[in-house]
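The block underneath contains the structure these notes are about, expressed in C-alpha cells.
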Amino acid sequence: MELLDNLGVDGPKLIAQLINFGIVLFVLWWFAYKPVLEMLENRRQKIAKSMDEAEQIKAELAETQAERDKVMAEANAKAEKLIADAKEAAKQVGEAEGQRAVKQAEEIIRKAREATEADREKMMAELKAEIGRLVVETTAKVSGKVLTAEDQQRLIDETNKELAA
Amino acid sequence: MDADRVRQAVRLLIEKKPRGYHGILQHLQRLVKLDEASRSARVESAVALTEAQQQSVRESLVRLKGGEVTVEFAENAGLIGGMRVKVGDDVFDGSVKTRLASLSDSF
C-alpha cells in the first residue's frame with residue numbers, strides 16, 4: 001500500500017476505476033463487441049455456406065456438364081450409327097435397284113432376241129412355203145407336158161405293184 | 001358275199017315273215033351294199049390304160065379282195081401322171097398330183 005501511496009496511486013480510486021473500467025468493459029463487450037463478433041461470425045458462416053453452396057453448385061454443374069457431354073456423345077454415336085445404317089440401307093437399295101434394272105434390261109433384250117428369232121423363223125417358213133408352192137405349181141404345169149409314155153407306164157406300174165403287194 | 005345265198009335268205013324272209021323281218025331285210029340290204037362297195041373299184045389315170053394294164057389292175061384287185069371286184073376305169077388329166085385306185089374305203093394313190101401335194105405340204 002505504501003508503495004502505491006508513494007507512486008501516487010489512490011487505492012480506492014484505483015479500485016473504483018477498475019470497477020468502472022470493468023463495467024465499461026463489460027458493457028462494451030456485451031453491447032458492442034459481442035454483437036459485432038456475432039455479426040462477423042454470422043457473416044463468416046454465411047460466406048462459408050455460400051462458398052460451400054458455390055462449390056456444390058460448381059460440382060453439380062461439372063457433373064451436369066459431364067452428364068450432358070455423355071448424353072451428347074451417346075446421341076452423336078446413335079446419330080452416326082443411324083446415318084451409317086441409312087447409308088448402308090440406301091446403298092443396298094441402290095444396288096438392288098441396279099440389279100433389278102440390269103435384270104429387266106437383260107429380260108427385254110432376251111425377249112427382243114426371241115421375237116426377232118420368231119419373226120425370222122416365221123419369215124423363213126413363209127418363204128419356204130412360198131418357194132415350195134411355186135416349185136409345185138411350176139412342176140405341175142410342166143410335168144404333164146414332160147412326162148413321156150414310159151414315165152406314165154412306170155407310174156402306173158408302181159401303183160399296180162402297191163395294189164398287188 | 002355269195003349272191004345266191006343272199007337271194008335265198010331274202011326269199012325265206014319274205015315267205016316266212018318272221019317278227020321284225022322288215023328290219024332284218026333293211027339290215028341285210030345295208031350289209032349287201034357295204035359288201036358291194038368294198039368290191040367296187042374306181043381306177044383313175046392321167047392317160048388311158050391299155051387293155052393289158054387294165055387286166056393287170058383287175059388281177060391285182062381280185063387278189064387284194066379275194067374275190068370278184070367290179071372295176072370302173074376313168075381318165076383324169078388332173079392327176080398329171082400315174083394312177084389312183086379307190087376300192088371300198090381304201091385308196092391307192094400314185095398320181096403325180098398327190099405326190100406334188102405331199103411335197104407342197106412338206107414345205
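Simple scheme: letters A, B, ... for chains in C-alpha cells order, numbers from 1 for residues in each chain, numbers from 1 for ligands in the order shown.
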
Q: Excluding region 138-147 of chain A and any residue of its chain fewer than 2 positions from it, enumerate the residues within 9 Å of it, using only C-alpha atoms, and give them as a PyMOL selection string.
A: (chain A and resi 133-136+149-152) or (chain B and resi 46+77+79-81+96-97+100)

Q. If we count only C-alpha atoms, which residues of chain B reach to within 9 Å of chain A? Please list them as a PyMOL selection string.
A. chain B and resi 45-47+49+53+56-57+59-61+63-64+77+79-85+92-97+100-101+103-107

Would you mind writing down, as a compact mmCIF listing (two decimals) with N, CA, C and O atoms, in the first residue's frame, each residue of chain B that DSSP on the backbone assigns to strand (DSSP E or B)?
# COMPACT_ATOMS: atom_id res chain seq x y z
N SER B 40 -66.22 -102.78 -155.13
CA SER B 40 -66.27 -101.91 -156.30
C SER B 40 -65.01 -101.04 -156.30
O SER B 40 -64.63 -100.51 -155.26
N ALA B 41 -64.41 -100.93 -157.45
CA ALA B 41 -63.19 -100.14 -157.53
C ALA B 41 -63.31 -99.12 -158.65
O ALA B 41 -63.94 -99.38 -159.68
N ARG B 42 -62.71 -97.95 -158.39
CA ARG B 42 -62.66 -96.93 -159.45
C ARG B 42 -61.19 -96.61 -159.68
O ARG B 42 -60.46 -96.26 -158.75
N VAL B 43 -60.79 -96.78 -160.92
CA VAL B 43 -59.39 -96.56 -161.27
C VAL B 43 -59.31 -95.35 -162.18
O VAL B 43 -59.90 -95.34 -163.26
N GLU B 44 -58.60 -94.34 -161.68
CA GLU B 44 -58.42 -93.12 -162.49
C GLU B 44 -56.96 -93.03 -162.88
O GLU B 44 -56.07 -93.32 -162.08
N SER B 45 -56.72 -92.62 -164.11
CA SER B 45 -55.33 -92.47 -164.56
C SER B 45 -55.23 -91.23 -165.44
O SER B 45 -56.22 -90.79 -166.03
N THR B 70 -65.82 -105.32 -159.02
CA THR B 70 -66.32 -104.52 -160.13
C THR B 70 -65.40 -103.32 -160.32
O THR B 70 -65.21 -102.53 -159.37
N VAL B 71 -64.82 -103.22 -161.49
CA VAL B 71 -63.83 -102.16 -161.70
C VAL B 71 -64.34 -101.18 -162.75
O VAL B 71 -64.84 -101.58 -163.80
N GLU B 72 -64.19 -99.91 -162.42
CA GLU B 72 -64.56 -98.85 -163.37
C GLU B 72 -63.30 -98.05 -163.68
O GLU B 72 -62.61 -97.59 -162.78
N PHE B 73 -62.99 -97.93 -164.96
CA PHE B 73 -61.80 -97.18 -165.37
C PHE B 73 -62.20 -95.81 -165.87
O PHE B 73 -63.24 -95.66 -166.53
N ALA B 74 -61.38 -94.81 -165.51
CA ALA B 74 -61.68 -93.45 -165.98
C ALA B 74 -60.37 -92.73 -166.23
O ALA B 74 -59.34 -93.03 -165.61
N GLU B 75 -60.44 -91.74 -167.14
CA GLU B 75 -59.25 -90.94 -167.42
C GLU B 75 -59.41 -89.59 -166.75
O GLU B 75 -60.48 -88.96 -166.84
N MET B 83 -51.59 -93.12 -161.43
CA MET B 83 -52.90 -93.74 -161.33
C MET B 83 -53.40 -93.65 -159.88
O MET B 83 -52.59 -93.65 -158.93
N ARG B 84 -54.72 -93.58 -159.75
CA ARG B 84 -55.33 -93.52 -158.43
C ARG B 84 -56.43 -94.57 -158.37
O ARG B 84 -57.33 -94.57 -159.23
N VAL B 85 -56.35 -95.48 -157.39
CA VAL B 85 -57.32 -96.57 -157.29
C VAL B 85 -58.07 -96.46 -155.98
O VAL B 85 -57.45 -96.40 -154.91
N LYS B 86 -59.38 -96.43 -156.06
CA LYS B 86 -60.20 -96.41 -154.84
C LYS B 86 -61.03 -97.69 -154.83
O LYS B 86 -61.83 -97.92 -155.74
N VAL B 87 -60.78 -98.52 -153.83
CA VAL B 87 -61.54 -99.77 -153.71
C VAL B 87 -62.09 -99.85 -152.30
O VAL B 87 -61.33 -99.88 -151.32
N ASP B 90 -60.55 -98.09 -149.21
CA ASP B 90 -59.10 -97.95 -149.39
C ASP B 90 -58.79 -97.15 -150.67
O ASP B 90 -59.50 -97.28 -151.67
N VAL B 91 -57.72 -96.36 -150.55
CA VAL B 91 -57.28 -95.57 -151.70
C VAL B 91 -55.79 -95.82 -151.92
O VAL B 91 -55.00 -95.72 -150.98
N PHE B 92 -55.43 -96.14 -153.15
CA PHE B 92 -54.02 -96.31 -153.54
C PHE B 92 -53.73 -95.21 -154.55
O PHE B 92 -54.21 -95.27 -155.68
N ASP B 93 -53.03 -94.22 -154.10
CA ASP B 93 -52.83 -93.03 -154.94
C ASP B 93 -51.37 -92.87 -155.30
O ASP B 93 -50.54 -92.54 -154.45

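Distance check against Leu25 (chain B) using only C-alpha atoms: of B:Val10, B:Ala37, B:Ala52, B:Val69, the minimum falls on B:Val10.
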